[in-house]
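Listing of work30.txt; format and content: compact mmCIF, C-alpha atoms.
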# COMPACT_ATOMS: atom_id res chain seq x y z
CA MET T 548 75.30 112.02 95.07
CA PHE T 549 78.68 111.74 93.33
CA ILE T 550 79.39 108.48 95.19
CA THR T 551 76.04 107.11 94.03
CA PHE T 552 77.00 108.02 90.45
CA LEU T 553 80.35 106.24 90.85
CA LEU T 554 78.62 103.21 92.35
CA ILE T 555 76.20 102.96 89.42
CA LEU T 556 79.09 103.39 86.98
CA HIS T 557 80.94 100.67 88.87
CA GLY T 558 77.90 98.41 88.45
CA ILE T 559 77.59 99.11 84.73
CA CYS T 560 81.27 98.38 84.12
CA ALA T 561 80.94 95.21 86.19
CA LEU T 562 77.99 94.16 84.02
CA LEU T 563 80.06 94.63 80.86
CA LEU T 564 82.90 92.71 82.47
CA VAL T 565 80.58 89.84 83.37
CA GLY T 566 79.46 89.70 79.72
CA ALA T 567 83.00 89.74 78.34
CA THR T 568 84.39 87.13 80.75
CA THR T 569 81.34 84.90 80.25
CA HIS T 570 81.70 85.00 76.46
CA GLN T 571 85.37 84.18 76.72
CA ALA T 572 84.76 81.36 79.19
CA LEU T 573 82.06 79.88 76.94
CA GLY T 574 84.48 79.98 74.04
CA VAL T 575 87.15 78.23 76.12
CA PHE T 576 85.13 75.63 78.04
CA TRP T 577 82.16 75.04 75.74
CA PRO T 578 83.14 75.99 72.18
CA ARG T 579 80.64 75.77 69.35
CA ARG T 580 80.85 72.58 67.34
CA PRO T 581 80.58 72.54 63.55
CA GLY T 582 76.98 72.68 62.40
CA GLN T 583 75.58 74.27 65.56
CA THR T 584 73.76 77.47 64.64
CA ASP T 585 71.27 78.16 67.46
CA PHE T 586 71.38 81.24 69.70
CA VAL T 587 73.42 79.64 72.49
CA ALA T 588 75.86 78.14 70.01
CA ASN T 589 76.40 81.59 68.54
CA ALA T 590 77.19 82.94 72.01
CA ARG T 591 79.78 80.17 72.32
CA GLY T 592 81.14 80.52 68.82
CA ILE T 593 83.60 83.32 69.52
CA ARG T 594 87.38 83.62 69.38
CA PRO T 595 88.30 83.88 73.09
CA GLN T 596 91.54 85.76 72.49
CA VAL T 597 89.61 88.72 71.03
CA TYR T 598 88.21 89.47 74.51
CA VAL T 599 91.53 89.69 76.36
CA GLU T 600 92.21 93.44 76.09
CA ALA T 601 88.56 94.37 76.67
CA ILE T 602 88.47 92.21 79.78
CA MET T 603 91.68 93.72 81.12
CA VAL T 604 90.56 97.31 80.54
CA LEU T 605 87.11 96.66 82.03
CA PHE T 606 88.60 94.83 85.00
CA VAL T 607 90.98 97.70 85.81
CA ILE T 608 88.31 100.41 85.37
CA THR T 609 85.80 98.46 87.47
CA PHE T 610 88.46 97.81 90.12
CA ILE T 611 89.44 101.50 90.31
CA LEU T 612 85.80 102.57 90.56
CA GLY T 613 85.21 100.00 93.29
CA ALA T 614 88.31 101.10 95.17
CA SER T 615 87.18 104.73 94.96
CA VAL T 616 83.79 104.04 96.58
CA TYR T 617 85.28 101.63 99.14
CA PRO T 618 85.93 104.36 101.78
CA THR T 619 82.23 105.22 101.75
CA TYR T 620 81.43 101.56 102.36
CA ARG T 621 83.94 101.45 105.23
CA VAL T 622 82.57 104.57 106.94
CA TYR T 623 78.83 104.46 106.22
CA VAL T 624 77.89 100.89 105.28
CA ARG T 625 79.99 98.45 107.26
CA PRO T 626 79.52 99.95 110.78
CA PRO T 627 75.69 99.64 110.68
CA LEU T 628 76.03 96.10 109.31
CA GLU T 629 78.30 95.28 112.26
CA ASP T 630 75.83 96.86 114.69
CA LEU T 631 72.98 94.85 113.19
CA ARG T 632 75.15 91.69 113.17
CA VAL T 633 74.65 91.21 109.41
CA LEU T 634 78.05 89.57 109.40
CA TYR T 635 77.54 87.37 106.33
CA ALA T 636 77.30 90.51 104.16
CA ILE T 637 80.61 91.82 105.52
CA GLY T 638 82.20 88.40 104.98
CA LEU T 639 81.00 88.26 101.39
CA PHE T 640 82.45 91.71 100.76
CA GLU T 641 85.79 90.67 102.28
CA MET T 642 85.89 87.65 99.96
CA LYS T 643 85.09 89.87 96.98
CA GLU T 644 87.84 92.39 97.71
CA ASN T 645 90.40 89.65 98.27
CA PHE T 646 89.56 87.57 95.19
CA LEU T 647 89.68 90.66 92.97
CA ALA T 648 92.99 91.92 94.37
CA VAL T 649 94.61 88.54 93.68
CA MET T 650 93.16 88.41 90.15
CA LEU T 651 94.22 91.99 89.42
CA ALA T 652 97.81 90.92 89.98
CA ALA T 653 97.30 87.96 87.63
CA LEU T 654 96.16 90.17 84.72
CA PRO T 655 99.64 90.74 83.20
CA ALA T 656 100.23 86.97 83.17
CA TYR T 657 96.73 86.42 81.77
CA TRP T 658 97.60 88.82 78.93
CA PHE T 659 100.92 87.09 78.29
CA PHE T 660 99.49 83.57 78.09
CA TRP T 661 96.66 84.67 75.80
CA ARG T 662 98.51 87.12 73.59
CA ARG T 663 102.21 86.31 73.55
CA THR T 664 102.40 82.55 73.40
CA GLN T 665 100.58 79.68 71.75
CA ASP T 666 101.84 77.25 74.38
CA TYR T 667 100.30 76.40 77.74
CA PRO T 668 96.59 76.00 76.86
CA GLN T 669 95.98 74.59 80.34
CA THR T 670 97.26 77.84 81.89
CA ARG T 671 94.96 79.90 79.67
CA MET T 672 92.04 77.70 80.69
CA TRP T 673 92.73 78.00 84.43
CA LEU T 674 93.31 81.75 84.36
CA THR T 675 90.11 82.25 82.34
CA GLY T 676 88.20 80.05 84.79
CA LEU T 677 89.53 81.90 87.84
CA LEU T 678 88.77 85.23 86.26
CA VAL T 679 85.18 84.40 85.31
CA PHE T 680 84.59 82.89 88.76
CA SER T 681 85.91 85.93 90.64
CA VAL T 682 84.02 88.38 88.39
CA TRP T 683 80.69 86.55 88.69
CA PHE T 684 81.13 86.07 92.45
CA SER T 685 81.96 89.74 92.95
CA PHE T 686 79.10 90.89 90.75
CA ILE T 687 76.58 88.89 92.77
CA VAL T 688 78.09 89.98 96.09
CA GLY T 689 77.97 93.62 94.97
CA HIS T 690 74.27 93.22 94.28
CA ILE T 691 73.66 91.59 97.64
CA LEU T 692 75.52 94.37 99.46
CA ASN T 693 73.60 97.01 97.57
CA ASN T 694 70.32 95.30 98.39
CA VAL T 695 71.22 94.97 102.06
CA ARG T 696 72.23 98.60 102.51
CA GLY T 697 70.57 100.41 99.59
CA LEU T 698 71.51 103.79 98.14
CA GLY T 699 71.49 107.07 100.03
CA MET X 701 110.06 91.66 75.99
CA ASN X 702 108.48 88.23 75.58
CA LYS X 703 111.31 86.48 77.38
CA LEU X 704 111.11 88.86 80.32
CA ALA X 705 107.30 88.81 80.48
CA ALA X 706 107.22 85.02 80.27
CA ARG X 707 108.80 84.74 83.69
CA ALA X 708 108.22 88.13 85.34
CA PHE X 709 104.43 88.36 84.82
CA PRO X 710 103.56 84.92 86.25
CA ALA X 711 106.13 85.36 89.03
CA PHE X 712 104.58 88.71 89.97
CA ALA X 713 101.14 87.09 90.23
CA VAL X 714 102.56 84.26 92.35
CA GLY X 715 104.45 86.61 94.69
CA PHE X 716 101.44 88.89 95.05
CA ALA X 717 98.99 86.06 95.80
CA LEU X 718 101.24 84.22 98.23
CA PHE X 719 101.97 87.42 100.17
CA TYR X 720 98.46 88.90 100.05
CA ALA X 721 96.69 85.91 101.62
CA PRO X 722 98.69 85.80 104.88
CA ALA X 723 98.99 89.61 104.91
CA TYR X 724 95.20 89.87 105.04
CA SER X 725 94.73 86.92 107.34
CA PHE X 726 97.44 87.65 109.89
CA THR X 727 97.28 91.46 110.09
CA THR X 728 94.64 91.57 112.77
CA GLY X 729 95.69 88.43 114.57
CA ASP X 730 97.27 88.99 117.95
CA ALA X 731 100.78 87.92 116.90
CA GLY X 732 101.99 91.45 116.21
CA PHE X 733 102.29 91.06 112.44
CA ASN X 734 102.43 94.36 110.58
CA TRP X 735 101.85 93.58 106.93
CA PRO X 736 99.91 96.43 105.28
CA LEU X 737 102.24 99.03 103.76
CA PHE X 738 100.06 101.77 105.16
CA THR X 739 96.71 102.41 106.83
CA TYR X 740 94.17 104.79 105.35
CA PHE X 741 91.67 106.61 107.56
CA PRO X 742 88.86 107.76 105.25
CA SER X 743 86.90 109.79 107.77
CA VAL X 744 89.70 112.22 108.69
CA GLY X 745 89.37 115.59 106.94
CA ASP X 746 88.19 115.91 103.35
CA PHE X 747 90.46 113.30 101.78
CA GLY X 748 91.35 111.05 104.67
CA GLU X 749 94.75 110.42 106.14
CA ILE X 750 97.50 107.88 105.47
CA HIS X 751 99.70 106.42 108.23
CA PRO X 752 102.61 104.07 107.49
CA GLY X 753 102.23 100.45 108.53
CA LEU X 754 99.44 98.99 110.61
CA VAL X 755 97.53 101.53 112.69
CA ALA X 756 94.41 100.64 114.64
CA GLY X 757 91.25 102.71 114.44
CA SER X 758 90.32 105.12 117.20
CA ASP X 759 87.67 107.68 118.11
CA THR X 760 89.75 110.49 116.60
CA LEU X 761 90.95 108.66 113.45
CA GLY X 762 87.80 106.65 112.77
CA PRO X 763 87.72 103.22 111.11
CA PRO X 764 90.98 102.04 109.51
CA MET X 765 91.31 100.71 105.96
CA TRP X 766 94.16 98.28 105.37
CA TRP X 767 93.12 96.96 101.95
CA TYR X 768 95.06 99.56 99.98
CA GLY X 769 98.05 98.87 102.24
CA TRP X 770 97.85 95.10 101.68
CA ILE X 771 97.78 95.71 97.94
CA GLY X 772 100.79 98.04 98.25
CA SER X 773 102.91 95.57 100.20
CA SER X 774 101.79 92.69 97.97
CA ILE X 775 102.90 94.64 94.88
CA ILE X 776 106.37 94.95 96.45
CA ALA X 777 106.39 91.20 97.21
CA GLY X 778 105.30 90.47 93.62
CA LEU X 779 108.05 92.67 92.20
CA VAL X 780 110.65 90.94 94.37
CA VAL X 781 109.56 87.48 93.16
CA ALA X 782 109.46 88.78 89.56
CA ALA X 783 113.03 90.08 89.92
CA ILE X 784 114.17 86.74 91.33
CA SER X 785 112.46 84.91 88.44
CA LEU X 786 114.56 86.87 85.95
CA MET X 787 117.74 85.53 87.53
CA LEU X 788 116.61 81.94 86.99
CA PRO X 789 117.08 80.08 83.69
CA GLU X 790 114.07 80.53 81.42
CA LYS X 791 113.84 77.07 79.91
CA ALA X 792 114.10 75.28 83.21
CA THR X 793 111.52 77.41 85.02
CA MET X 794 108.91 78.39 82.42
CA LYS X 795 106.89 75.23 82.90
CA ILE X 796 106.88 75.81 86.67
CA TRP X 797 105.67 79.42 86.31
CA SER X 798 102.94 78.38 83.87
CA VAL X 799 101.48 76.10 86.56
CA ALA X 800 102.27 78.23 89.61
CA VAL X 801 100.47 81.22 88.08
CA TRP X 802 97.09 79.54 88.52
CA VAL X 803 97.88 77.29 91.47
CA ALA X 804 98.99 80.25 93.66
CA PRO X 805 95.66 82.15 93.32
CA ILE X 806 93.75 78.96 94.11
CA LEU X 807 95.88 78.38 97.22
CA ALA X 808 95.40 82.03 98.19
CA PHE X 809 91.62 81.74 97.75
CA ILE X 810 91.50 78.63 99.95
CA PHE X 811 93.71 80.23 102.59
CA LEU X 812 91.62 83.42 102.60
CA LEU X 813 88.35 81.48 102.66
CA ASP X 814 89.54 79.61 105.75
CA TYR X 815 90.07 82.94 107.54
CA GLU X 816 86.88 84.53 106.24
CA MET X 817 84.67 81.69 107.46
CA PHE X 818 84.43 83.31 110.88
CA TRP X 819 82.02 85.85 109.35
CA PHE X 820 79.63 82.98 108.58
CA VAL X 821 80.33 80.43 111.31
CA PRO X 822 80.38 81.77 114.90
CA GLY X 823 83.47 80.61 116.76
CA TRP X 824 85.25 79.50 113.58
CA MET X 825 88.94 78.88 114.18
CA PRO X 826 91.03 78.99 110.97
CA LEU X 827 93.03 75.84 110.25
CA THR X 828 96.23 77.90 110.01
CA SER X 829 95.51 80.12 113.02
CA PHE X 830 98.50 78.62 114.83
CA LEU X 831 100.67 80.61 112.41
CA SER X 832 99.21 83.97 113.41
CA GLY X 833 98.26 83.40 117.01
CA GLY X 834 94.60 84.16 116.32
CA GLY X 835 91.92 84.70 113.73
CA ALA X 836 91.44 87.70 111.48
CA GLY X 837 89.22 90.49 112.72
Would it be possible to restate this file's structure as structure tokens?
Amino acid sequence: MFITFLLILHGICALLLVGATTHQALGVFWPRRPGQTDFVANARGIRPQVYVEAIMVLFVITFILGASVYPTYRVYVRPPLEDLRVLYAIGLFEMKENFLAVMLAALPAYWFFWRRTQDYPQTRMWLTGLLVFSVWFSFIVGHILNNVRGLG
Amino acid sequence: MNKLAARAFPAFAVGFALFYAPAYSFTTGDAGFNWPLFTYFPSVGDFGEIHPGLVAGSDTLGPPMWWYGWIGSSIIAGLVVAAISLMLPEKATMKIWSVAVWVAPILAFIFLLDYEMFWFVPGWMPLTSFLSGGGAG
């Protein structure tokens, strides 16, 4: 029961993280142009640097929650998937854990290039792109895994 | 602070990424690599059990978890590269770190993807399997 609670909390934090990284990425890659006032333009018309701390905090919290429910996955979820030869689901999870570990280590640099220097816009763009990619990928994979195995 | 962070933070990310990818990929190859800092066995007792280095699963210990151990050893690798970066001249290397900080994760992703393809393609042989003596498992 407690693991289920943690898993749902993990999902909620991941949802918030998807929203924050998506807003930031829109602001970086598709900024609002002068005169655009529609709904989508408003979603793009943000200052990307405002999201940096929120993204970092959400990323770390979501990562810790995911890491705390990981043993349950390893003991109760992965073995039946192996027995049933649902190997693609295991592979997707492996990709998720690896992408996120690498991006976790990039967070201090991400903070530095957004918050401590005005130089290197290309670096900001790439780090933002990698972050939004890994977060979206992991969010979708988490859903797939949950749908494959289910709660309980 | 800024001068230290400018080199140490990107260097940490580079060191972590470039160690993590082969650590994950080669650990379970048959070349005898031993890259996770520790192995966690979640099904032993109430809180699991930690063994140093790479330990295989067994009937008594249950399934092994190396992910925490890969992160642990990759943090050490990242700190080593960060320490080295601080010994290098800032002006000459800052441009390099600003590019390496996003190139290294991309390289790591590609390297990892190559090893993870065996989950999706039966019989997949990673392009860099000659380095480890076998595929990940």
- Pull out every residue of chain X sitting within 6 Å of chain T, counting all atoms listed in the file, and send them as a PyMOL selection string. chain X and resi 709-710+713+717+742+819-820
- Task: Grab the atom CA of X:Gly772 to atom CA of X:Phe738 distance for me, in Å with one decimal place.
- Result: 7.9 Å
- Select all residues near (109.2, 91.7, 91.0) (cut-off 12 Å, inclusive, file coordinates), counting only C-alpha atoms, and output them as a list in words.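 The answer, in the requested form, is Ala652 of chain T; Leu704, Ala705, Arg707, Ala708, Phe709, Pro710, Ala711, Phe712, Ala713, Val714, Gly715, Phe716, Ser773, Ser774, Ile775, Ile776, Ala777, Gly778, Leu779, Val780, Val781, Ala782, Ala783, Ile784, Ser785, Leu786 and Met787 of chain X.
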- Report the distance between atom CA of X:Phe818 and atom CA of X:Gly753 in Å, rounded to one decimal place.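 It comes out at 24.8 Å.
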- Restricting the calculation to all atoms listed in the file, which member of T:Arg580, T:His557, T:His690, T:His570 is positioned closest to T:Phe640?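 Smallest distance to T:Phe640 is found for T:His690.
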- Message: For T:Gly697, find every residue with an atom within 12 Å (counting all atoms listed in the file), except residues of its own chain fewer than 6 positions away, and show them as an MDAnalysis selection string.
- Response: chainID T and resid 551 554:555 620 623:624 628 689:691
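Between atom CA of X:Pro736 and atom CA of X:Leu812 the separation is 15.7 Å.
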- Go ahead and find all residues with at least one atom no further than 10 Å from (81.3, 74.7, 73.1) in the file's coordinates, using all atoms listed in the file; report them as a PyMOL selection string. chain T and resi 572-581+583+587-593
- Query: For T:Asn693, which residue out of T:Ile608, T:Gly558, T:Leu553, T:Asp585 is the nearest one, using all atoms listed in the file?
  - Reply: T:Gly558
Build an axis-aligned box that encloses every atom of stretch 738-753 of chain X listed in the file, pad it by 8 Å on each side, and report its centre and edge lengths in Å to one decimal, as lines of an AutoDock Vina configuration file.
center_x = 94.8
center_y = 108.2
center_z = 105.2
size_x = 31.7
size_y = 31.5
size_z = 22.9
Output as a PDB file, keeping the file's coordinate frame: stretch 780-791 of chain X, completed with N, CA and C atoms.
ATOM      1  N   VAL X 780     109.461  91.659  93.902  1.00  0.00           N
ATOM      2  CA  VAL X 780     110.650  90.940  94.370  1.00  0.00           C
ATOM      3  C   VAL X 780     110.721  89.547  93.741  1.00  0.00           C
ATOM      4  N   VAL X 781     109.589  88.834  93.761  1.00  0.00           N
ATOM      5  CA  VAL X 781     109.560  87.480  93.160  1.00  0.00           C
ATOM      6  C   VAL X 781     109.797  87.573  91.653  1.00  0.00           C
ATOM      7  N   ALA X 782     109.239  88.602  91.010  1.00  0.00           N
ATOM      8  CA  ALA X 782     109.460  88.780  89.560  1.00  0.00           C
ATOM      9  C   ALA X 782     110.942  89.016  89.278  1.00  0.00           C
ATOM     10  N   ALA X 783     111.593  89.820  90.113  1.00  0.00           N
ATOM     11  CA  ALA X 783     113.030  90.080  89.920  1.00  0.00           C
ATOM     12  C   ALA X 783     113.835  88.803  90.106  1.00  0.00           C
ATOM     13  N   ILE X 784     113.463  88.016  91.094  1.00  0.00           N
ATOM     14  CA  ILE X 784     114.170  86.740  91.330  1.00  0.00           C
ATOM     15  C   ILE X 784     113.976  85.808  90.127  1.00  0.00           C
ATOM     16  N   SER X 785     112.749  85.813  89.573  1.00  0.00           N
ATOM     17  CA  SER X 785     112.460  84.910  88.440  1.00  0.00           C
ATOM     18  C   SER X 785     113.351  85.224  87.239  1.00  0.00           C
ATOM     19  N   LEU X 786     113.727  86.487  87.094  1.00  0.00           N
ATOM     20  CA  LEU X 786     114.560  86.870  85.950  1.00  0.00           C
ATOM     21  C   LEU X 786     116.003  86.384  86.097  1.00  0.00           C
ATOM     22  N   MET X 787     116.381  86.037  87.314  1.00  0.00           N
ATOM     23  CA  MET X 787     117.740  85.530  87.530  1.00  0.00           C
ATOM     24  C   MET X 787     117.813  84.022  87.294  1.00  0.00           C
ATOM     25  N   LEU X 788     116.646  83.386  87.171  1.00  0.00           N
ATOM     26  CA  LEU X 788     116.610  81.940  86.990  1.00  0.00           C
ATOM     27  C   LEU X 788     116.574  81.605  85.499  1.00  0.00           C
ATOM     28  N   PRO X 789     117.075  80.450  85.114  1.00  0.00           N
ATOM     29  CA  PRO X 789     117.080  80.080  83.690  1.00  0.00           C
ATOM     30  C   PRO X 789     115.661  79.925  83.140  1.00  0.00           C
ATOM     31  N   GLU X 790     115.421  80.503  81.975  1.00  0.00           N
ATOM     32  CA  GLU X 790     114.070  80.530  81.420  1.00  0.00           C
ATOM     33  C   GLU X 790     113.544  79.129  81.099  1.00  0.00           C
ATOM     34  N   LYS X 791     114.343  78.373  80.376  1.00  0.00           N
ATOM     35  CA  LYS X 791     113.840  77.070  79.910  1.00  0.00           C
ATOM     36  C   LYS X 791     113.496  76.142  81.047  1.00  0.00           C
TER      37      LYS X 791
END
